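What's in my_file.pdb: PDB, C-alpha atoms
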MODEL        1
ATOM      1  CA  MET A 287      69.433 -37.785 -96.819  1.00  0.00           C
ATOM      2  CA  ASN A 288      70.740 -34.920 -94.706  1.00  0.00           C
ATOM      3  CA  LYS A 289      72.400 -37.419 -92.360  1.00  0.00           C
ATOM      4  CA  LYS A 290      74.248 -39.038 -95.271  1.00  0.00           C
ATOM      5  CA  ILE A 291      75.437 -35.650 -96.474  1.00  0.00           C
ATOM      6  CA  ILE A 292      76.613 -34.756 -92.978  1.00  0.00           C
ATOM      7  CA  LEU A 293      78.432 -38.128 -92.623  1.00  0.00           C
ATOM      8  CA  ILE A 294      80.116 -37.734 -96.006  1.00  0.00           C
ATOM      9  CA  SER A 295      81.156 -34.203 -95.071  1.00  0.00           C
ATOM     10  CA  VAL A 296      82.604 -35.376 -91.741  1.00  0.00           C
ATOM     11  CA  VAL A 297      84.525 -38.240 -93.374  1.00  0.00           C
ATOM     12  CA  SER A 298      85.799 -35.918 -96.105  1.00  0.00           C
ATOM     13  CA  GLY A 299      86.930 -33.445 -93.461  1.00  0.00           C
ATOM     14  CA  ILE A 300      88.780 -36.148 -91.522  1.00  0.00           C
ATOM     15  CA  LEU A 301      90.503 -37.420 -94.683  1.00  0.00           C
ATOM     16  CA  LEU A 302      91.500 -33.878 -95.572  1.00  0.00           C
ATOM     17  CA  LEU A 303      92.983 -33.330 -92.114  1.00  0.00           C
ATOM     18  CA  LEU A 304      94.828 -36.652 -92.281  1.00  0.00           C
ATOM     19  CA  GLY A 305      96.163 -35.729 -95.706  1.00  0.00           C
ATOM     20  CA  ILE A 306      97.459 -32.452 -94.328  1.00  0.00           C
ATOM     21  CA  TYR A 307      98.874 -34.198 -91.277  1.00  0.00           C
ATOM     22  CA  PHE A 308     100.789 -36.811 -93.289  1.00  0.00           C
ATOM     23  CA  THR A 309     102.045 -34.544 -96.077  1.00  0.00           C
ATOM     24  CA  SER A 310     102.440 -31.083 -94.596  1.00  0.00           C
ATOM     25  CA  PRO A 311     106.055 -29.955 -94.079  1.00  0.00           C
ATOM     26  CA  TYR A 312     104.806 -28.473 -90.798  1.00  0.00           C
ATOM     27  CA  PHE A 313     104.939 -31.973 -89.278  1.00  0.00           C
ATOM     28  CA  HIS A 314     108.289 -32.993 -90.799  1.00  0.00           C
ATOM     29  CA  VAL A 315     111.170 -33.445 -88.384  1.00  0.00           C
ATOM     30  CA  ASN A 316     113.175 -30.236 -88.290  1.00  0.00           C
ATOM     31  CA  SER A 317     114.463 -30.274 -84.726  1.00  0.00           C
ATOM     32  CA  ILE A 318     116.313 -32.880 -82.642  1.00  0.00           C
ATOM     33  CA  ILE A 319     116.908 -32.624 -78.886  1.00  0.00           C
ATOM     34  CA  ILE A 320     119.514 -34.898 -77.270  1.00  0.00           C
ATOM     35  CA  LEU A 321     119.338 -35.711 -73.565  1.00  0.00           C
ATOM     36  CA  GLY A 322     121.348 -38.049 -71.359  1.00  0.00           C
ATOM     37  CA  ASN A 323     125.065 -38.532 -70.733  1.00  0.00           C
ATOM     38  CA  SER A 324     125.996 -39.015 -74.382  1.00  0.00           C
ATOM     39  CA  LYS A 325     128.258 -36.650 -76.305  1.00  0.00           C
ATOM     40  CA  ILE A 326     126.598 -37.640 -79.571  1.00  0.00           C
ATOM     41  CA  THR A 327     125.739 -34.565 -81.615  1.00  0.00           C
ATOM     42  CA  THR A 328     122.714 -33.775 -83.749  1.00  0.00           C
ATOM     43  CA  GLU A 329     124.962 -33.958 -86.823  1.00  0.00           C
ATOM     44  CA  GLU A 330     126.018 -37.509 -85.934  1.00  0.00           C
ATOM     45  CA  ILE A 331     122.392 -38.586 -85.618  1.00  0.00           C
ATOM     46  CA  GLU A 332     121.480 -36.986 -88.934  1.00  0.00           C
ATOM     47  CA  SER A 333     124.469 -38.590 -90.675  1.00  0.00           C
ATOM     48  CA  LYS A 334     123.224 -42.066 -89.743  1.00  0.00           C
ATOM     49  CA  LEU A 335     119.587 -41.228 -90.429  1.00  0.00           C
ATOM     50  CA  ASN A 336     119.917 -39.021 -93.487  1.00  0.00           C
ATOM     51  CA  VAL A 337     116.212 -39.259 -94.386  1.00  0.00           C
ATOM     52  CA  LEU A 338     115.065 -38.368 -90.882  1.00  0.00           C
ATOM     53  CA  LEU A 339     114.353 -34.724 -91.594  1.00  0.00           C
ATOM     54  CA  GLU A 340     112.060 -35.659 -94.490  1.00  0.00           C
ATOM     55  CA  GLU A 341     109.790 -37.858 -92.397  1.00  0.00           C
ATOM     56  CA  ASN A 342     106.668 -37.051 -90.453  1.00  0.00           C
ATOM     57  CA  THR A 343     107.517 -36.601 -86.762  1.00  0.00           C
ATOM     58  CA  PHE A 344     104.896 -39.045 -85.543  1.00  0.00           C
ATOM     59  CA  LEU A 345     105.513 -41.645 -88.259  1.00  0.00           C
ATOM     60  CA  THR A 346     109.260 -41.945 -87.733  1.00  0.00           C
ATOM     61  CA  ASP A 347     110.241 -45.586 -87.258  1.00  0.00           C
ATOM     62  CA  LYS A 348     111.573 -45.302 -83.699  1.00  0.00           C
ATOM     63  CA  LYS A 349     112.151 -49.053 -83.404  1.00  0.00           C
ATOM     64  CA  LYS A 350     114.431 -49.023 -86.443  1.00  0.00           C
ATOM     65  CA  ILE A 351     116.343 -46.035 -85.074  1.00  0.00           C
ATOM     66  CA  LYS A 352     116.887 -47.869 -81.760  1.00  0.00           C
ATOM     67  CA  GLU A 353     118.215 -50.904 -83.621  1.00  0.00           C
ATOM     68  CA  ILE A 354     120.719 -48.731 -85.481  1.00  0.00           C
ATOM     69  CA  TYR A 355     122.055 -47.162 -82.307  1.00  0.00           C
ATOM     70  CA  THR A 356     121.942 -50.072 -79.873  1.00  0.00           C
ATOM     71  CA  SER A 357     124.245 -51.964 -82.235  1.00  0.00           C
ATOM     72  CA  ASP A 358     126.895 -49.529 -80.984  1.00  0.00           C
ATOM     73  CA  PRO A 359     128.456 -51.118 -77.853  1.00  0.00           C
ATOM     74  CA  TYR A 360     128.967 -47.661 -76.362  1.00  0.00           C
ATOM     75  CA  ILE A 361     125.178 -47.102 -76.321  1.00  0.00           C
ATOM     76  CA  GLU A 362     123.541 -48.716 -73.277  1.00  0.00           C
ATOM     77  CA  SER A 363     119.994 -47.557 -74.043  1.00  0.00           C
ATOM     78  CA  ILE A 364     118.071 -45.061 -76.165  1.00  0.00           C
ATOM     79  CA  GLU A 365     114.550 -43.697 -75.866  1.00  0.00           C
ATOM     80  CA  ILE A 366     112.914 -41.618 -78.606  1.00  0.00           C
ATOM     81  CA  LYS A 367     109.841 -39.417 -78.188  1.00  0.00           C
ATOM     82  CA  SER A 368     107.940 -37.141 -80.554  1.00  0.00           C
ATOM     83  CA  LYS A 369     107.119 -33.581 -79.559  1.00  0.00           C
ATOM     84  CA  PHE A 370     104.427 -31.694 -81.463  1.00  0.00           C
ATOM     85  CA  PRO A 371     104.719 -30.575 -84.142  1.00  0.00           C
ATOM     86  CA  SER A 372     108.192 -31.357 -85.554  1.00  0.00           C
ATOM     87  CA  THR A 373     110.676 -32.332 -82.840  1.00  0.00           C
ATOM     88  CA  LEU A 374     112.224 -35.670 -81.891  1.00  0.00           C
ATOM     89  CA  ILE A 375     113.728 -36.098 -78.427  1.00  0.00           C
ATOM     90  CA  PHE A 376     116.576 -38.619 -78.039  1.00  0.00           C
ATOM     91  CA  ASN A 377     117.392 -39.717 -74.490  1.00  0.00           C
ATOM     92  CA  ILE A 378     120.676 -41.598 -74.847  1.00  0.00           C
ATOM     93  CA  LYS A 379     122.506 -43.382 -72.050  1.00  0.00           C
ATOM     94  CA  LYS A 380     126.076 -44.072 -73.028  1.00  0.00           C
ATOM     95  CA  ARG A 381     128.484 -46.531 -71.425  1.00  0.00           C
ATOM     96  CA  GLN A 382     131.646 -44.941 -70.064  1.00  0.00           C
ATOM     97  CA  ALA A 383     135.064 -46.488 -70.742  1.00  0.00           C
ATOM     98  CA  VAL A 384     136.880 -46.894 -67.411  1.00  0.00           C
ATOM     99  CA  ALA A 385     139.670 -49.412 -68.053  1.00  0.00           C
ATOM    100  CA  THR A 386     141.392 -51.633 -70.616  1.00  0.00           C
ATOM    101  CA  VAL A 387     142.108 -55.353 -70.438  1.00  0.00           C
ATOM    102  CA  LYS A 388     145.194 -56.777 -72.136  1.00  0.00           C
ATOM    103  CA  PHE A 389     144.681 -60.019 -74.048  1.00  0.00           C
ATOM    104  CA  SER A 390     146.410 -62.016 -76.779  1.00  0.00           C
ATOM    105  CA  GLY A 391     144.743 -60.140 -79.635  1.00  0.00           C
ATOM    106  CA  GLY A 392     145.467 -56.664 -78.302  1.00  0.00           C
ATOM    107  CA  PHE A 393     143.378 -54.600 -75.909  1.00  0.00           C
ATOM    108  CA  LEU A 394     139.727 -54.574 -74.794  1.00  0.00           C
ATOM    109  CA  VAL A 395     138.256 -51.294 -73.581  1.00  0.00           C
ATOM    110  CA  ILE A 396     135.614 -51.986 -70.904  1.00  0.00           C
ATOM    111  CA  ASP A 397     133.026 -50.100 -68.857  1.00  0.00           C
ATOM    112  CA  GLU A 398     132.426 -50.258 -65.086  1.00  0.00           C
ATOM    113  CA  ASN A 399     130.401 -53.471 -65.476  1.00  0.00           C
ATOM    114  CA  ALA A 400     133.216 -55.121 -67.482  1.00  0.00           C
ATOM    115  CA  ALA A 401     131.250 -54.936 -70.741  1.00  0.00           C
ATOM    116  CA  VAL A 402     133.523 -54.837 -73.809  1.00  0.00           C
ATOM    117  CA  LEU A 403     133.173 -51.517 -75.644  1.00  0.00           C
ATOM    118  CA  GLU A 404     136.003 -51.812 -78.127  1.00  0.00           C
ATOM    119  CA  SER A 405     138.703 -54.180 -79.324  1.00  0.00           C
ATOM    120  CA  THR A 406     141.851 -52.441 -80.502  1.00  0.00           C
ATOM    121  CA  GLN A 407     145.556 -52.858 -81.120  1.00  0.00           C
ATOM    122  CA  GLU A 408     146.237 -49.122 -80.982  1.00  0.00           C
ATOM    123  CA  LEU A 409     148.053 -47.912 -77.878  1.00  0.00           C
ATOM    124  CA  SER A 410     146.468 -44.468 -78.301  1.00  0.00           C
ATOM    125  CA  LYS A 411     143.009 -45.946 -77.620  1.00  0.00           C
ATOM    126  CA  ILE A 412     143.937 -47.527 -74.294  1.00  0.00           C
ATOM    127  CA  VAL A 413     141.888 -46.216 -71.371  1.00  0.00           C
ATOM    128  CA  LYS A 414     143.897 -46.509 -68.165  1.00  0.00           C
ATOM    129  CA  PRO A 415     144.198 -48.397 -65.918  1.00  0.00           C
ATOM    130  CA  LEU A 416     145.483 -51.237 -68.079  1.00  0.00           C
ATOM    131  CA  ILE A 417     144.593 -54.610 -66.534  1.00  0.00           C
ATOM    132  CA  SER A 418     146.850 -57.594 -67.285  1.00  0.00           C
ATOM    133  CA  GLY A 419     147.042 -61.228 -66.201  1.00  0.00           C
ATOM    134  CA  ILE A 420     143.542 -62.262 -67.351  1.00  0.00           C
ATOM    135  CA  GLU A 421     142.742 -65.053 -69.802  1.00  0.00           C
ATOM    136  CA  VAL A 422     139.920 -63.863 -72.064  1.00  0.00           C
ATOM    137  CA  THR A 423     138.276 -66.741 -73.945  1.00  0.00           C
ATOM    138  CA  GLN A 424     136.084 -64.888 -76.461  1.00  0.00           C
ATOM    139  CA  VAL A 425     135.438 -61.289 -77.462  1.00  0.00           C
ATOM    140  CA  ARG A 426     131.904 -60.065 -78.114  1.00  0.00           C
ATOM    141  CA  LEU A 427     131.414 -56.310 -78.289  1.00  0.00           C
ATOM    142  CA  GLY A 428     128.685 -55.105 -75.954  1.00  0.00           C
ATOM    143  CA  ASP A 429     128.844 -58.249 -73.793  1.00  0.00           C
ATOM    144  CA  LYS A 430     130.641 -58.728 -70.512  1.00  0.00           C
ATOM    145  CA  LEU A 431     134.189 -60.063 -70.508  1.00  0.00           C
ATOM    146  CA  ASP A 432     134.186 -63.742 -71.351  1.00  0.00           C
ATOM    147  CA  ILE A 433     136.435 -65.280 -68.704  1.00  0.00           C
ATOM    148  CA  GLU A 434     136.414 -68.954 -67.744  1.00  0.00           C
ATOM    149  CA  ASN A 435     136.978 -68.271 -64.071  1.00  0.00           C
ATOM    150  CA  GLU A 436     133.924 -66.477 -62.654  1.00  0.00           C
ATOM    151  CA  ASP A 437     135.869 -65.541 -59.506  1.00  0.00           C
ATOM    152  CA  THR A 438     138.376 -63.650 -61.662  1.00  0.00           C
ATOM    153  CA  PHE A 439     135.548 -61.791 -63.409  1.00  0.00           C
ATOM    154  CA  ASN A 440     134.034 -60.833 -60.044  1.00  0.00           C
ATOM    155  CA  LEU A 441     137.473 -59.721 -58.861  1.00  0.00           C
ATOM    156  CA  ILE A 442     137.911 -57.433 -61.873  1.00  0.00           C
ATOM    157  CA  HIS A 443     134.453 -55.968 -61.411  1.00  0.00           C
ATOM    158  CA  ASN A 444     135.157 -55.421 -57.720  1.00  0.00           C
ATOM    159  CA  ILE A 445     138.471 -53.702 -58.440  1.00  0.00           C
ATOM    160  CA  ILE A 446     136.966 -51.346 -61.033  1.00  0.00           C
ATOM    161  CA  THR A 447     133.987 -50.503 -58.831  1.00  0.00           C
ATOM    162  CA  ASN A 448     136.092 -49.643 -55.788  1.00  0.00           C
ATOM    163  CA  VAL A 449     138.845 -47.797 -57.656  1.00  0.00           C
ATOM    164  CA  ARG A 450     136.204 -45.691 -59.378  1.00  0.00           C
ATOM    165  CA  SER A 451     134.251 -45.120 -56.151  1.00  0.00           C
ATOM    166  CA  ALA A 452     137.407 -43.840 -54.434  1.00  0.00           C
ATOM    167  CA  LYS A 453     138.051 -41.520 -57.425  1.00  0.00           C
ATOM    168  CA  LEU A 454     141.383 -43.215 -58.107  1.00  0.00           C
ATOM    169  CA  LEU A 455     140.973 -44.046 -61.808  1.00  0.00           C
ATOM    170  CA  ASN A 456     143.296 -41.210 -62.846  1.00  0.00           C
ATOM    171  CA  ASN A 457     145.879 -42.252 -60.248  1.00  0.00           C
ATOM    172  CA  ILE A 458     146.264 -45.872 -61.352  1.00  0.00           C
ATOM    173  CA  SER A 459     147.908 -46.666 -64.688  1.00  0.00           C
ATOM    174  CA  GLN A 460     148.241 -50.458 -64.393  1.00  0.00           C
ATOM    175  CA  ILE A 461     146.587 -53.310 -62.508  1.00  0.00           C
ATOM    176  CA  GLU A 462     148.384 -56.655 -62.602  1.00  0.00           C
ATOM    177  CA  ILE A 463     146.662 -59.866 -61.492  1.00  0.00           C
ATOM    178  CA  SER A 464     148.840 -62.935 -60.935  1.00  0.00           C
ATOM    179  CA  LYS A 465     147.766 -66.561 -61.344  1.00  0.00           C
ATOM    180  CA  GLU A 466     147.375 -66.656 -57.566  1.00  0.00           C
ATOM    181  CA  SER A 467     144.971 -63.676 -57.803  1.00  0.00           C
ATOM    182  CA  GLU A 468     147.521 -61.408 -56.167  1.00  0.00           C
ATOM    183  CA  ILE A 469     146.798 -57.803 -57.186  1.00  0.00           C
ATOM    184  CA  VAL A 470     149.411 -55.127 -57.822  1.00  0.00           C
ATOM    185  CA  MET A 471     148.475 -51.591 -58.812  1.00  0.00           C
ATOM    186  CA  ILE A 472     150.969 -49.160 -60.314  1.00  0.00           C
ATOM    187  CA  THR A 473     150.558 -45.382 -60.302  1.00  0.00           C
ATOM    188  CA  PRO A 474     151.589 -43.216 -63.276  1.00  0.00           C
ATOM    189  CA  GLN A 475     154.635 -42.105 -61.245  1.00  0.00           C
ATOM    190  CA  GLY A 476     155.728 -45.704 -60.564  1.00  0.00           C
ATOM    191  CA  VAL A 477     154.525 -46.375 -57.004  1.00  0.00           C
ATOM    192  CA  ASN A 478     153.583 -50.055 -56.599  1.00  0.00           C
ATOM    193  CA  VAL A 479     150.562 -50.904 -54.437  1.00  0.00           C
ATOM    194  CA  LEU A 480     150.424 -54.497 -53.145  1.00  0.00           C
ATOM    195  CA  LEU A 481     146.807 -55.472 -52.457  1.00  0.00           C
ATOM    196  CA  GLY A 482     146.959 -59.200 -51.823  1.00  0.00           C
ATOM    197  CA  GLU A 483     143.925 -61.130 -53.063  1.00  0.00           C
ATOM    198  CA  GLY A 484     141.574 -58.154 -53.090  1.00  0.00           C
ATOM    199  CA  GLU A 485     139.898 -58.537 -49.735  1.00  0.00           C
ATOM    200  CA  ASN A 486     138.315 -55.432 -48.149  1.00  0.00           C
ATOM    201  CA  LEU A 487     138.986 -53.366 -51.271  1.00  0.00           C
ATOM    202  CA  ASN A 488     136.483 -50.659 -50.435  1.00  0.00           C
ATOM    203  CA  ASN A 489     138.304 -49.629 -47.256  1.00  0.00           C
ATOM    204  CA  LYS A 490     141.746 -50.107 -48.813  1.00  0.00           C
ATOM    205  CA  MET A 491     140.971 -47.775 -51.737  1.00  0.00           C
ATOM    206  CA  LEU A 492     139.825 -45.004 -49.400  1.00  0.00           C
ATOM    207  CA  ILE A 493     143.035 -45.329 -47.383  1.00  0.00           C
ATOM    208  CA  LEU A 494     145.128 -45.506 -50.562  1.00  0.00           C
ATOM    209  CA  ASN A 495     143.634 -42.241 -51.778  1.00  0.00           C
ATOM    210  CA  GLN A 496     144.897 -40.457 -48.671  1.00  0.00           C
ATOM    211  CA  ILE A 497     148.321 -42.133 -48.847  1.00  0.00           C
ATOM    212  CA  LEU A 498     148.833 -41.081 -52.470  1.00  0.00           C
ATOM    213  CA  ILE A 499     147.892 -37.497 -51.601  1.00  0.00           C
ATOM    214  CA  ASP A 500     150.397 -37.554 -48.736  1.00  0.00           C
ATOM    215  CA  LEU A 501     153.166 -38.987 -50.960  1.00  0.00           C
ATOM    216  CA  HIS A 502     152.448 -36.389 -53.634  1.00  0.00           C
ATOM    217  CA  GLU A 503     152.695 -33.549 -51.107  1.00  0.00           C
ATOM    218  CA  LYS A 504     156.055 -34.956 -49.972  1.00  0.00           C
ATOM    219  CA  LYS A 505     157.142 -35.316 -53.631  1.00  0.00           C
ATOM    220  CA  ILE A 506     157.625 -39.075 -53.257  1.00  0.00           C
ATOM    221  CA  TYR A 507     156.996 -40.815 -56.572  1.00  0.00           C
ATOM    222  CA  SER A 508     158.455 -44.290 -56.157  1.00  0.00           C
ATOM    223  CA  GLY A 509     158.487 -47.231 -53.785  1.00  0.00           C
ATOM    224  CA  TYR A 510     155.966 -49.793 -52.485  1.00  0.00           C
ATOM    225  CA  ILE A 511     152.764 -49.470 -50.493  1.00  0.00           C
ATOM    226  CA  ASP A 512     152.059 -52.821 -48.864  1.00  0.00           C
ATOM    227  CA  MET A 513     148.337 -53.284 -48.108  1.00  0.00           C
ATOM    228  CA  ARG A 514     148.297 -57.073 -47.999  1.00  0.00           C
ATOM    229  CA  TYR A 515     147.904 -57.425 -44.262  1.00  0.00           C
ATOM    230  CA  GLU A 516     145.646 -56.157 -41.517  1.00  0.00           C
ATOM    231  CA  GLY A 517     146.484 -52.836 -39.926  1.00  0.00           C
ATOM    232  CA  TYR A 518     147.732 -49.646 -41.514  1.00  0.00           C
ATOM    233  CA  PRO A 519     149.663 -50.067 -44.817  1.00  0.00           C
ATOM    234  CA  VAL A 520     153.454 -50.021 -44.862  1.00  0.00           C
ATOM    235  CA  TYR A 521     155.403 -47.813 -47.271  1.00  0.00           C
ATOM    236  CA  ARG A 522     158.878 -48.855 -48.431  1.00  0.00           C
ATOM    237  CA  ARG A 523     161.201 -46.754 -50.559  1.00  0.00           C
ATOM    238  CA  THR A 524     162.822 -48.267 -53.639  1.00  0.00           C
ATOM    239  CA  LYS A 525     166.559 -48.799 -53.143  1.00  0.00           C
TER     240      LYS A 525
ENDMDL
END
Rewrite the coordinates I just gave you, this time as structure tokens.
Amino acid sequence: MNKKIILISVVSGILLLLGIYFTSPYFHVNSIIILGNSKITTEEIESKLNVLLEENTFLTDKKKIKEIYTSDPYIESIEIKSKFPSTLIFNIKKRQAVATVKFSGGFLVIDENAAVLESTQELSKIVKPLISGIEVTQVRLGDKLDIENEDTFNLIHNIITNVRSAKLLNNISQIEISKESEIVMITPQGVNVLLGEGENLNNKMLILNQILIDLHEKKIYSGYIDMRYEGYPVYRRTK
């Protein structure tokens, strides 16, 4: 008899604690911490999840939240953790726009892996450098550029990777690729850089960085830098 009473008391105590746990405002979400490289604010999270602050911290549907945010092509990944008693921690990794590809329907903003982040017709949304001369077959936000020629895709990825690695993104406004895969880069000041078919880009971008610094110091803002052949590049003034 005593054992039954003790068991009933223990069960009642557990149910009472669970009731407090599930209903007490003490465990409702009232704090959000955002980590990672994202500039998303707490207010932006709350605006999409307007019932979040009314839910129990440990019962929040994290899977549903991930689905909401990973539908955004700018979000590469998101991890959500609960911190006792009332805090949610969002670790958000955001894709960074590094270039724009011109195509028949307008412009495609892409990240360093050539994933499409945005399709737009607004010039104000272009992220330089602007890449032209590519035939894009389909557009799917969040997916990599859909190009028939895989070699062209690899070329674009290689260009972006090496330009970014050499810290030249801000010094290149346009990248033109011809049907023969000949690459021409144009600086914001109007200097044309002839790169040939993109061989040895890593070394060429490092050299180009130094050349552009030298031209800037000499106040030279036009002409051609020919890097198509072996040996040190040749600079020619525009007539």
Inset, instruction - Determine, counting only C-alpha atoms, which protein, DNA and RNA residues have an atom within 6 Å of an atom of Asn478 of chain A; residues of the same chain fewer than 5 positions away are not included. Present the result as a PyMOL selection string. - result: chain A and resi 471-472+510
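Counting only C-alpha atoms, Asn448 of chain A has the following residues at most 6 Å away, ignoring those fewer than 3 positions along the same chain: Ile445, Ser451 and Asn488 of chain A.
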Could you give me, as JSON lines, every segment 351-447 of chain A residue with an atom at most 12 Å from segment 489-494 of chain A, plus its closest atom pair and distance in Å to one decimal, counting only C-alpha atoms, rows ordered by chain then number?
{"residue": "A:Asn444", "atom": "CA", "partner": "A:Met491", "partner_atom": "CA", "distance": 11.3}
{"residue": "A:Ile445", "atom": "CA", "partner": "A:Met491", "partner_atom": "CA", "distance": 9.3}
{"residue": "A:Ile446", "atom": "CA", "partner": "A:Met491", "partner_atom": "CA", "distance": 10.7}
{"residue": "A:Thr447", "atom": "CA", "partner": "A:Met491", "partner_atom": "CA", "distance": 10.3}
Inset, instruction - Identify, on the basis of only C-alpha atoms, every residue whose closest approach to segment 375-388 of chain A does not exceed 6 Å; exclude the query and any residue fewer than 5 positions from it along the same chain; express the result as an NGL selection string. - result: :A and (318-324 or 360-367 or 393-397 or 413-418)
Could you dump the residues just selected with C-alpha atoms as a short mmCIF file (atom, residue, chain, number, x, y, z; two decimals), keeping the file's coordinate frame?
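For reference, again_12.cif as written:
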data_model
loop_
_atom_site.label_atom_id
_atom_site.label_comp_id
_atom_site.auth_asym_id
_atom_site.auth_seq_id
_atom_site.Cartn_x
_atom_site.Cartn_y
_atom_site.Cartn_z
CA ILE A 318 116.31 -32.88 -82.64
CA ILE A 319 116.91 -32.62 -78.89
CA ILE A 320 119.51 -34.90 -77.27
CA LEU A 321 119.34 -35.71 -73.56
CA GLY A 322 121.35 -38.05 -71.36
CA ASN A 323 125.06 -38.53 -70.73
CA SER A 324 126.00 -39.02 -74.38
CA TYR A 360 128.97 -47.66 -76.36
CA ILE A 361 125.18 -47.10 -76.32
CA GLU A 362 123.54 -48.72 -73.28
CA SER A 363 119.99 -47.56 -74.04
CA ILE A 364 118.07 -45.06 -76.17
CA GLU A 365 114.55 -43.70 -75.87
CA ILE A 366 112.91 -41.62 -78.61
CA LYS A 367 109.84 -39.42 -78.19
CA PHE A 393 143.38 -54.60 -75.91
CA LEU A 394 139.73 -54.57 -74.79
CA VAL A 395 138.26 -51.29 -73.58
CA ILE A 396 135.61 -51.99 -70.90
CA ASP A 397 133.03 -50.10 -68.86
CA VAL A 413 141.89 -46.22 -71.37
CA LYS A 414 143.90 -46.51 -68.17
CA PRO A 415 144.20 -48.40 -65.92
CA LEU A 416 145.48 -51.24 -68.08
CA ILE A 417 144.59 -54.61 -66.53
CA SER A 418 146.85 -57.59 -67.28
#
Inset, instruction - Point out the residue among A:Val479, A:Leu455, A:Val402, A:Ile499 with the least atom-to-atom distance to Val520 of chain A, counting only C-alpha atoms. - result: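 Smallest distance to Val520 of chain A is found for A:Val479.
Straight-line separation from atom CA of Pro371 of chain A to atom CA of Asn316 of chain A: 9.4 Å.
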Inset, instruction - With a distance cut-off of 12 Å and all atoms listed in the file, select the neighbouring residues of Phe439 of chain A, excluding the residue or stretch itself and same-chain residues fewer than 2 positions from it, and output the selection as a list in words. - result: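 Using all atoms listed in the file, the neighbours found are Val387, Asn399, Ala400, Ala401, Ile417, Gly419, Ile420, Glu421, Val422, Thr423, Lys430, Leu431, Asp432, Ile433, Glu434, Asn435, Glu436, Asp437, Leu441, Ile442, His443, Asn444, Ile445, Ile446, Ile463 and Ser467 of chain A.
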Legend entry - Answer key for the PyMOL selection byres ((chain A and resi 515) around 12), residues as a list of chain:residue names: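 Going through the file, the PyMOL selection byres ((chain A and resi 515) around 12) ends up selecting A:Leu480, A:Leu481, A:Gly482, A:Glu483, A:Gly484, A:Glu485, A:Asn486, A:Lys490, A:Ile511, A:Asp512, A:Met513, A:Arg514, A:Glu516, A:Gly517, A:Tyr518, A:Pro519, A:Val520.
Counting all atoms listed in the file and comparing A:Ile461, A:Ile351, A:Ala452, A:Ile412, the residue that lies closest to Leu487 of chain A is A:Ala452.
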Inset, instruction - For atom CA of Glu398 of chain A and atom CA of Ile469 of chain A, quote the distance in Å rounded to one decimal. - result: 18.1 Å
Inset, instruction - Using all atoms listed in the file, determine which residues lie at most 8 Å from Thr524 of chain A, disregarding the query and same-chain residues fewer than 2 positions distant; provide the list as a PyMOL selection string. - result: chain A and resi 508-510+522
Would you write out those residues with C-alpha atoms, as a PDB file, keeping the file's coordinate frame?
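Result file follows (again33.pdb):
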ATOM      1  CA  SER A 508     158.455 -44.290 -56.157  1.00  0.00           C
ATOM      2  CA  GLY A 509     158.487 -47.231 -53.785  1.00  0.00           C
ATOM      3  CA  TYR A 510     155.966 -49.793 -52.485  1.00  0.00           C
ATOM      4  CA  ARG A 522     158.878 -48.855 -48.431  1.00  0.00           C
TER       5      ARG A 522
END
Inset, instruction - Rank nothing, just name the residue among A:Lys505, A:Arg523, A:His314, A:Lys453 nearest to Phe370 of chain A, using all atoms listed in the file. - result: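 Closest to Phe370 of chain A of all the choices is A:His314.
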Can you give me N, CA and C atoms for segment 477-487 of chain A, written as a PDB file, keeping the file's coordinate frame?
ATOM      1  N   VAL A 477     154.723 -45.792 -58.325  1.00  0.00           N
ATOM      2  CA  VAL A 477     154.525 -46.375 -57.004  1.00  0.00           C
ATOM      3  C   VAL A 477     153.739 -47.674 -57.155  1.00  0.00           C
ATOM      4  N   ASN A 478     154.251 -48.755 -56.552  1.00  0.00           N
ATOM      5  CA  ASN A 478     153.583 -50.055 -56.599  1.00  0.00           C
ATOM      6  C   ASN A 478     152.722 -50.246 -55.356  1.00  0.00           C
ATOM      7  N   VAL A 479     151.483 -50.675 -55.550  1.00  0.00           N
ATOM      8  CA  VAL A 479     150.562 -50.904 -54.437  1.00  0.00           C
ATOM      9  C   VAL A 479     150.244 -52.394 -54.386  1.00  0.00           C
ATOM     10  N   LEU A 480     150.650 -53.064 -53.305  1.00  0.00           N
ATOM     11  CA  LEU A 480     150.424 -54.497 -53.145  1.00  0.00           C
ATOM     12  C   LEU A 480     149.112 -54.701 -52.385  1.00  0.00           C
ATOM     13  N   LEU A 481     148.148 -55.360 -53.024  1.00  0.00           N
ATOM     14  CA  LEU A 481     146.807 -55.472 -52.457  1.00  0.00           C
ATOM     15  C   LEU A 481     146.436 -56.883 -52.008  1.00  0.00           C
ATOM     16  N   GLY A 482     147.305 -57.835 -52.188  1.00  0.00           N
ATOM     17  CA  GLY A 482     146.959 -59.200 -51.823  1.00  0.00           C
ATOM     18  C   GLY A 482     145.914 -59.765 -52.772  1.00  0.00           C
ATOM     19  N   GLU A 483     144.942 -60.474 -52.235  1.00  0.00           N
ATOM     20  CA  GLU A 483     143.925 -61.130 -53.063  1.00  0.00           C
ATOM     21  C   GLU A 483     142.661 -60.298 -53.232  1.00  0.00           C
ATOM     22  N   GLY A 484     142.709 -59.037 -52.835  1.00  0.00           N
ATOM     23  CA  GLY A 484     141.574 -58.154 -53.090  1.00  0.00           C
ATOM     24  C   GLY A 484     140.516 -58.129 -52.016  1.00  0.00           C
ATOM     25  N   GLU A 485     140.872 -58.578 -50.822  1.00  0.00           N
ATOM     26  CA  GLU A 485     139.898 -58.537 -49.735  1.00  0.00           C
ATOM     27  C   GLU A 485     139.779 -57.101 -49.193  1.00  0.00           C
ATOM     28  N   ASN A 486     138.579 -56.744 -48.759  1.00  0.00           N
ATOM     29  CA  ASN A 486     138.315 -55.432 -48.149  1.00  0.00           C
ATOM     30  C   ASN A 486     138.764 -54.269 -49.037  1.00  0.00           C
ATOM     31  N   LEU A 487     138.506 -54.380 -50.333  1.00  0.00           N
ATOM     32  CA  LEU A 487     138.986 -53.366 -51.271  1.00  0.00           C
ATOM     33  C   LEU A 487     138.384 -51.991 -51.038  1.00  0.00           C
TER      34      LEU A 487
END
